[in-house]
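Structure data (mmCIF, C-alpha atoms and all ligand atoms) from start30.cif:
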data_input
#
loop_
_atom_site.label_atom_id
_atom_site.label_comp_id
_atom_site.auth_asym_id
_atom_site.auth_seq_id
_atom_site.Cartn_x
_atom_site.Cartn_y
_atom_site.Cartn_z
CA MET A 1 19.65 -15.95 9.97
CA THR A 2 18.99 -12.28 10.67
CA THR A 3 15.53 -10.75 10.59
CA THR A 4 15.10 -7.33 9.02
CA ARG A 5 12.28 -5.20 10.42
CA VAL A 6 10.64 -2.74 8.04
CA LEU A 7 7.95 -0.19 8.91
CA PHE A 8 6.12 1.77 6.20
CA VAL A 9 4.72 5.15 7.26
CA CYS A 10 2.15 7.54 5.74
CA LEU A 11 -0.32 10.04 7.24
CA GLY A 12 -3.49 8.04 7.92
CA ASN A 13 -2.26 4.42 7.64
CA ILE A 14 -5.33 3.55 5.59
CA CYS A 15 -4.11 4.07 2.00
CA ARG A 16 -0.43 4.25 1.10
CA SER A 17 1.45 2.56 3.95
CA PRO A 18 -0.90 -0.45 4.32
CA ALA A 19 -0.62 -0.83 0.54
CA ALA A 20 3.18 -0.67 0.78
CA GLU A 21 3.06 -3.29 3.53
CA GLY A 22 0.81 -5.53 1.41
CA VAL A 23 2.90 -5.12 -1.75
CA PHE A 24 6.16 -5.84 0.11
CA VAL A 25 4.71 -8.87 1.94
CA HIS A 26 3.40 -10.19 -1.40
CA LEU A 27 6.83 -9.77 -2.98
CA LEU A 28 8.51 -11.57 -0.07
CA GLU A 29 6.03 -14.46 -0.41
CA GLN A 30 6.71 -14.70 -4.13
CA GLN A 31 10.45 -14.86 -3.47
CA GLY A 32 10.26 -17.25 -0.50
CA LEU A 33 11.74 -14.64 1.84
CA SER A 34 8.86 -14.12 4.29
CA ASP A 35 10.70 -15.63 7.27
CA ARG A 36 13.55 -13.11 6.96
CA PHE A 37 11.45 -10.00 7.45
CA VAL A 38 9.00 -8.43 9.89
CA VAL A 39 6.81 -5.94 8.02
CA ASP A 40 4.35 -3.43 9.46
CA SER A 41 2.86 0.01 8.73
CA ALA A 42 1.75 3.03 10.76
CA GLY A 43 0.40 6.56 10.33
CA THR A 44 1.79 9.80 11.70
CA GLY A 45 -1.84 10.76 12.47
CA GLY A 46 -4.25 8.87 14.69
CA TRP A 47 -7.68 9.57 13.13
CA HIS A 48 -8.17 6.10 11.66
CA VAL A 49 -6.66 3.90 14.38
CA GLY A 50 -8.19 0.41 14.35
CA ARG A 51 -9.67 0.69 10.85
CA ARG A 52 -8.93 -1.55 7.90
CA ALA A 53 -7.36 0.02 4.82
CA ASP A 54 -9.60 2.25 2.70
CA GLU A 55 -11.89 0.06 0.62
CA ARG A 56 -10.80 1.73 -2.64
CA MET A 57 -7.16 0.90 -1.79
CA ARG A 58 -8.09 -2.67 -0.85
CA ALA A 59 -10.07 -3.14 -4.08
CA ALA A 60 -7.26 -1.79 -6.25
CA ALA A 61 -4.72 -4.04 -4.51
CA ALA A 62 -7.03 -7.08 -4.76
CA ARG A 63 -7.21 -6.59 -8.54
CA ARG A 64 -3.42 -7.14 -8.53
CA GLY A 65 -3.73 -10.23 -6.33
CA ILE A 66 -2.59 -8.43 -3.16
CA ALA A 67 -4.56 -8.64 0.10
CA LEU A 68 -4.40 -5.68 2.51
CA THR A 69 -5.16 -7.07 5.96
CA SER A 70 -3.67 -4.57 8.41
CA ARG A 71 -5.50 -2.32 10.89
CA ALA A 72 -4.43 1.30 11.22
CA ARG A 73 -2.19 2.31 14.08
CA GLN A 74 -0.30 5.47 14.95
CA LEU A 75 3.47 5.73 14.78
CA GLU A 76 5.05 5.76 18.25
CA LEU A 77 8.43 6.62 19.68
CA GLY A 78 9.31 2.96 20.28
CA ASP A 79 9.05 2.27 16.53
CA LEU A 80 12.31 4.16 16.07
CA HIS A 81 14.01 1.44 18.14
CA SER A 82 12.03 -1.67 17.26
CA PHE A 83 12.41 -1.36 13.46
CA ASP A 84 15.59 -1.42 11.38
CA HIS A 85 14.09 0.63 8.55
CA ILE A 86 11.30 3.19 8.45
CA VAL A 87 10.19 4.02 4.91
CA THR A 88 8.06 7.13 4.36
CA MET A 89 5.63 8.01 1.56
CA ASP A 90 5.98 11.80 1.28
CA GLY A 91 7.94 14.78 2.54
CA ASP A 92 5.54 15.48 5.42
CA ASN A 93 5.83 11.89 6.70
CA LEU A 94 9.60 12.07 6.38
CA ALA A 95 9.73 15.31 8.40
CA ALA A 96 7.39 13.86 11.05
CA VAL A 97 9.47 10.69 11.47
CA ARG A 98 12.69 12.71 11.61
CA ALA A 99 11.17 14.94 14.30
CA LEU A 100 10.19 11.87 16.33
CA ALA A 101 13.72 10.51 15.87
CA LEU A 102 15.10 13.66 17.52
CA GLU A 103 12.94 12.88 20.58
CA ALA A 104 13.99 9.23 20.54
CA GLY A 105 17.67 10.01 21.19
CA ASN A 106 20.75 7.87 20.41
CA PRO A 107 20.67 7.87 16.57
CA SER A 108 22.96 4.84 16.29
CA ALA A 109 20.30 2.70 18.00
CA GLN A 110 17.56 3.90 15.68
CA ALA A 111 15.88 2.81 12.50
CA GLN A 112 17.27 4.11 9.24
CA ILE A 113 14.71 6.50 7.74
CA SER A 114 14.28 6.75 3.98
CA PRO A 115 11.71 7.91 1.40
CA MET A 116 9.89 5.12 -0.47
CA THR A 117 10.44 6.75 -3.84
CA SER A 118 14.22 6.62 -3.34
CA TYR A 119 13.93 2.90 -4.17
CA CYS A 120 12.00 3.39 -7.44
CA ARG A 121 13.81 2.05 -10.48
CA ILE A 122 11.19 2.79 -13.15
CA HIS A 123 9.60 5.93 -11.65
CA SER A 124 13.02 7.25 -10.71
CA SER A 125 12.15 10.94 -11.10
CA THR A 126 9.16 10.71 -8.71
CA HIS A 127 9.81 12.11 -5.24
CA GLU A 128 6.63 11.26 -3.34
CA VAL A 129 3.90 8.64 -3.21
CA PRO A 130 0.94 11.06 -3.46
CA ASP A 131 -1.98 10.82 -1.07
CA PRO A 132 -4.88 9.29 -3.07
CA TYR A 133 -7.55 9.80 -0.38
CA TYR A 134 -9.41 12.77 -1.90
CA GLY A 135 -8.84 11.87 -5.54
CA GLY A 136 -10.30 9.43 -8.08
CA PRO A 137 -9.62 5.74 -8.80
CA GLN A 138 -6.57 6.50 -10.96
CA GLY A 139 -4.77 7.80 -7.87
CA PHE A 140 -4.97 4.41 -6.20
CA GLU A 141 -3.60 2.70 -9.30
CA HIS A 142 -0.74 5.22 -9.44
CA VAL A 143 0.09 4.54 -5.77
CA LEU A 144 0.29 0.81 -6.51
CA ASP A 145 2.42 1.37 -9.62
CA LEU A 146 4.90 3.38 -7.52
CA LEU A 147 4.82 0.90 -4.62
CA GLU A 148 5.39 -2.15 -6.83
CA ASP A 149 8.35 -0.39 -8.40
CA ALA A 150 9.78 0.81 -5.06
CA CYS A 151 9.27 -2.49 -3.22
CA GLY A 152 11.42 -4.29 -5.78
CA GLY A 153 14.18 -1.71 -5.32
CA LEU A 154 13.81 -1.77 -1.53
CA LEU A 155 14.15 -5.54 -1.35
CA GLU A 156 17.23 -5.43 -3.53
CA ALA A 157 18.74 -2.67 -1.37
CA LEU A 158 18.04 -4.54 1.87
CA GLN A 159 19.55 -7.74 0.54
CA THR A 160 22.77 -6.00 -0.43
CA LEU A 161 23.06 -3.95 2.79
CA LYS A 162 25.26 -5.38 5.49
CA PRO A 163 23.33 -5.43 8.78
CA GLU A 164 24.62 -2.68 11.06
CA PRO A 165 25.49 -3.48 14.67
CA ARG A 166 22.73 -2.22 16.99
CA MET A 167 23.59 -0.72 20.37
P1 LIG G 201 -2.83 7.77 3.76
O1 LIG G 201 -4.08 8.63 3.20
O2 LIG G 201 -1.93 8.74 4.49
O3 LIG G 201 -2.20 7.25 2.52
O4 LIG G 201 -3.44 6.71 4.66
C1 LIG G 201 -4.89 9.43 4.01
C2 LIG G 201 -6.06 8.92 4.49
C3 LIG G 201 -6.88 9.71 5.28
C4 LIG G 201 -6.51 11.00 5.57
C5 LIG G 201 -5.32 11.50 5.09
C6 LIG G 201 -4.50 10.70 4.32
N1 LIG G 201 -7.35 11.83 6.36
O5 LIG G 201 -7.02 12.99 6.54
O6 LIG G 201 -8.39 11.37 6.83
#
Any chance you could put this one into structure tokens?
Ligand code: 4NP
Amino acid sequence: MTTTRVLFVCLGNICRSPAAEGVFVHLLEQQGLSDRFVVDSAGTGGWHVGRRADERMRAAAARRGIALTSRARQLELGDLHSFDHIVTMDGDNLAAVRALALEAGNPSAQAQISPMTSYCRIHSSTHEVPDPYYGGPQGFEHVLDLLEDACGGLLEALQTLKPEPRM
């Protein structure tokens, strides 16, 4: 049985990407697929390294029965090689991961990089998971609405993808 390694990336790794990690892990548990995936999250910035997810994000997720347990860490070059898929929340994250991928070399041995919203099936005209950090409570709910939608589409996409040979 192959293991698929998925890394969610945002800016601070305290709101969107830990929530994406929690939502995806929750979905895998519901579907009995936890042993087929390794799931993690990271931030392109390092300001919050070691911290738990923002308490507003944790509270909003808990209301949907989802626990956010991760500690923030910063994205590193090795992530391009140790994950199969890196899924970004907005255009800035996508550009930052692509820039790191240029440094990492050998693209065929690297994670596939894709925007989270590309997996949305309901919110299909949304192009970013917006940063909720400086906004009100509704922003955190909107993030979760997008992530729940996208995680369903992501899981479906990963289950239909043939694993690519890694060099
Ligand atoms: P995230 O949100 O990228 O979804 O974790 C942010 C949290 C904190 C900051 C920026 C974004 N910050 O600048 O402190």
When the cut-off is 8 Å and you count only C-alpha atoms and all ligand atoms, which residues lie near ligand LIG 201 (chain G), shown as an mmCIF file with C-alpha atoms, in the coordinates of the input?
data_model
loop_
_atom_site.group_PDB
_atom_site.id
_atom_site.type_symbol
_atom_site.label_atom_id
_atom_site.label_comp_id
_atom_site.auth_asym_id
_atom_site.auth_seq_id
_atom_site.Cartn_x
_atom_site.Cartn_y
_atom_site.Cartn_z
ATOM 1 C CA CYS A 10 2.150 7.540 5.740
ATOM 2 C CA LEU A 11 -0.320 10.040 7.240
ATOM 3 C CA GLY A 12 -3.490 8.040 7.920
ATOM 4 C CA ASN A 13 -2.260 4.420 7.640
ATOM 5 C CA ILE A 14 -5.330 3.550 5.590
ATOM 6 C CA CYS A 15 -4.110 4.070 2.000
ATOM 7 C CA ARG A 16 -0.430 4.250 1.100
ATOM 8 C CA SER A 17 1.450 2.560 3.950
ATOM 9 C CA PRO A 18 -0.900 -0.450 4.320
ATOM 10 C CA GLY A 43 0.400 6.560 10.330
ATOM 11 C CA TRP A 47 -7.680 9.570 13.130
ATOM 12 C CA HIS A 48 -8.170 6.100 11.660
ATOM 13 C CA ALA A 53 -7.360 0.020 4.820
ATOM 14 C CA ASP A 54 -9.600 2.250 2.700
ATOM 15 C CA MET A 89 5.630 8.010 1.560
ATOM 16 C CA PRO A 130 0.940 11.060 -3.460
ATOM 17 C CA ASP A 131 -1.980 10.820 -1.070
ATOM 18 C CA PRO A 132 -4.880 9.290 -3.070
ATOM 19 C CA TYR A 133 -7.550 9.800 -0.380
#
Inset, instruction - Excluding Gly22 (chain A) and residues on its chain fewer than 4 positions from it, collect all residues at most 12 Å away from it, counting only C-alpha atoms, and give them as a PyMOL selection string. - result: chain A and resi 7-8+14-18+26-29+39-41+53+57-58+60-62+64-71+144+147-148+151
Legend entry - Distance query region 153-157 of chain A at most 12 Å, all atoms listed in the file, self and fewer than 3 positions along chain excluded, as a ChimeraX atom specification: /A:4-6,8,20-21,23-28,31,33-34,36-37,39,85-87,114-124,146-150,160-163
Just write the chosen residues, C-alpha atoms, as a compact mmCIF listing (two decimals), in the coordinates of the input.
# COMPACT_ATOMS: atom_id res chain seq x y z
CA THR A 4 15.10 -7.33 9.02
CA ARG A 5 12.28 -5.20 10.42
CA VAL A 6 10.64 -2.74 8.04
CA PHE A 8 6.12 1.77 6.20
CA ALA A 20 3.18 -0.67 0.78
CA GLU A 21 3.06 -3.29 3.53
CA VAL A 23 2.90 -5.12 -1.75
CA PHE A 24 6.16 -5.84 0.11
CA VAL A 25 4.71 -8.87 1.94
CA HIS A 26 3.40 -10.19 -1.40
CA LEU A 27 6.83 -9.77 -2.98
CA LEU A 28 8.51 -11.57 -0.07
CA GLN A 31 10.45 -14.86 -3.47
CA LEU A 33 11.74 -14.64 1.84
CA SER A 34 8.86 -14.12 4.29
CA ARG A 36 13.55 -13.11 6.96
CA PHE A 37 11.45 -10.00 7.45
CA VAL A 39 6.81 -5.94 8.02
CA HIS A 85 14.09 0.63 8.55
CA ILE A 86 11.30 3.19 8.45
CA VAL A 87 10.19 4.02 4.91
CA SER A 114 14.28 6.75 3.98
CA PRO A 115 11.71 7.91 1.40
CA MET A 116 9.89 5.12 -0.47
CA THR A 117 10.44 6.75 -3.84
CA SER A 118 14.22 6.62 -3.34
CA TYR A 119 13.93 2.90 -4.17
CA CYS A 120 12.00 3.39 -7.44
CA ARG A 121 13.81 2.05 -10.48
CA ILE A 122 11.19 2.79 -13.15
CA HIS A 123 9.60 5.93 -11.65
CA SER A 124 13.02 7.25 -10.71
CA LEU A 146 4.90 3.38 -7.52
CA LEU A 147 4.82 0.90 -4.62
CA GLU A 148 5.39 -2.15 -6.83
CA ASP A 149 8.35 -0.39 -8.40
CA ALA A 150 9.78 0.81 -5.06
CA THR A 160 22.77 -6.00 -0.43
CA LEU A 161 23.06 -3.95 2.79
CA LYS A 162 25.26 -5.38 5.49
CA PRO A 163 23.33 -5.43 8.78
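Rounded to one decimal, CA of Glu103 (chain A) and CA of Asp79 (chain A) lie 12.0 Å from each other.
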Inset, instruction - May I ask for the distance between CA of Ile113 (chain A) and CA of Glu55 (chain A), given in Å to one decimal place? - result: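 Atom-to-atom, CA of Ile113 (chain A) to CA of Glu55 (chain A), that is 28.3 Å.
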Inset, instruction - Work out how far CA of Gln110 (chain A) is from CA of Leu94 (chain A), in Å to one decimal. - result: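 Computing the Euclidean distance for CA of Leu94 (chain A) and CA of Gln110 (chain A) yields 14.7 Å.
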Within 6 Å of Ala72 (chain A), counting all atoms listed in the file, which residues show up once you throw out same-chain ones fewer than 5 positions away? Write them as a PDB file with C-alpha atoms, in the coordinates of the input, please.
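Listing of selection-v8.pdb after writing:
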ATOM      1  CA  ASN A  13      -2.260   4.420   7.640  1.00  0.00           C
ATOM      2  CA  VAL A  49      -6.660   3.900  14.380  1.00  0.00           C
ATOM      3  CA  GLY A  50      -8.190   0.410  14.350  1.00  0.00           C
ATOM      4  CA  ARG A  51      -9.670   0.690  10.850  1.00  0.00           C
TER       5      ARG A  51
END
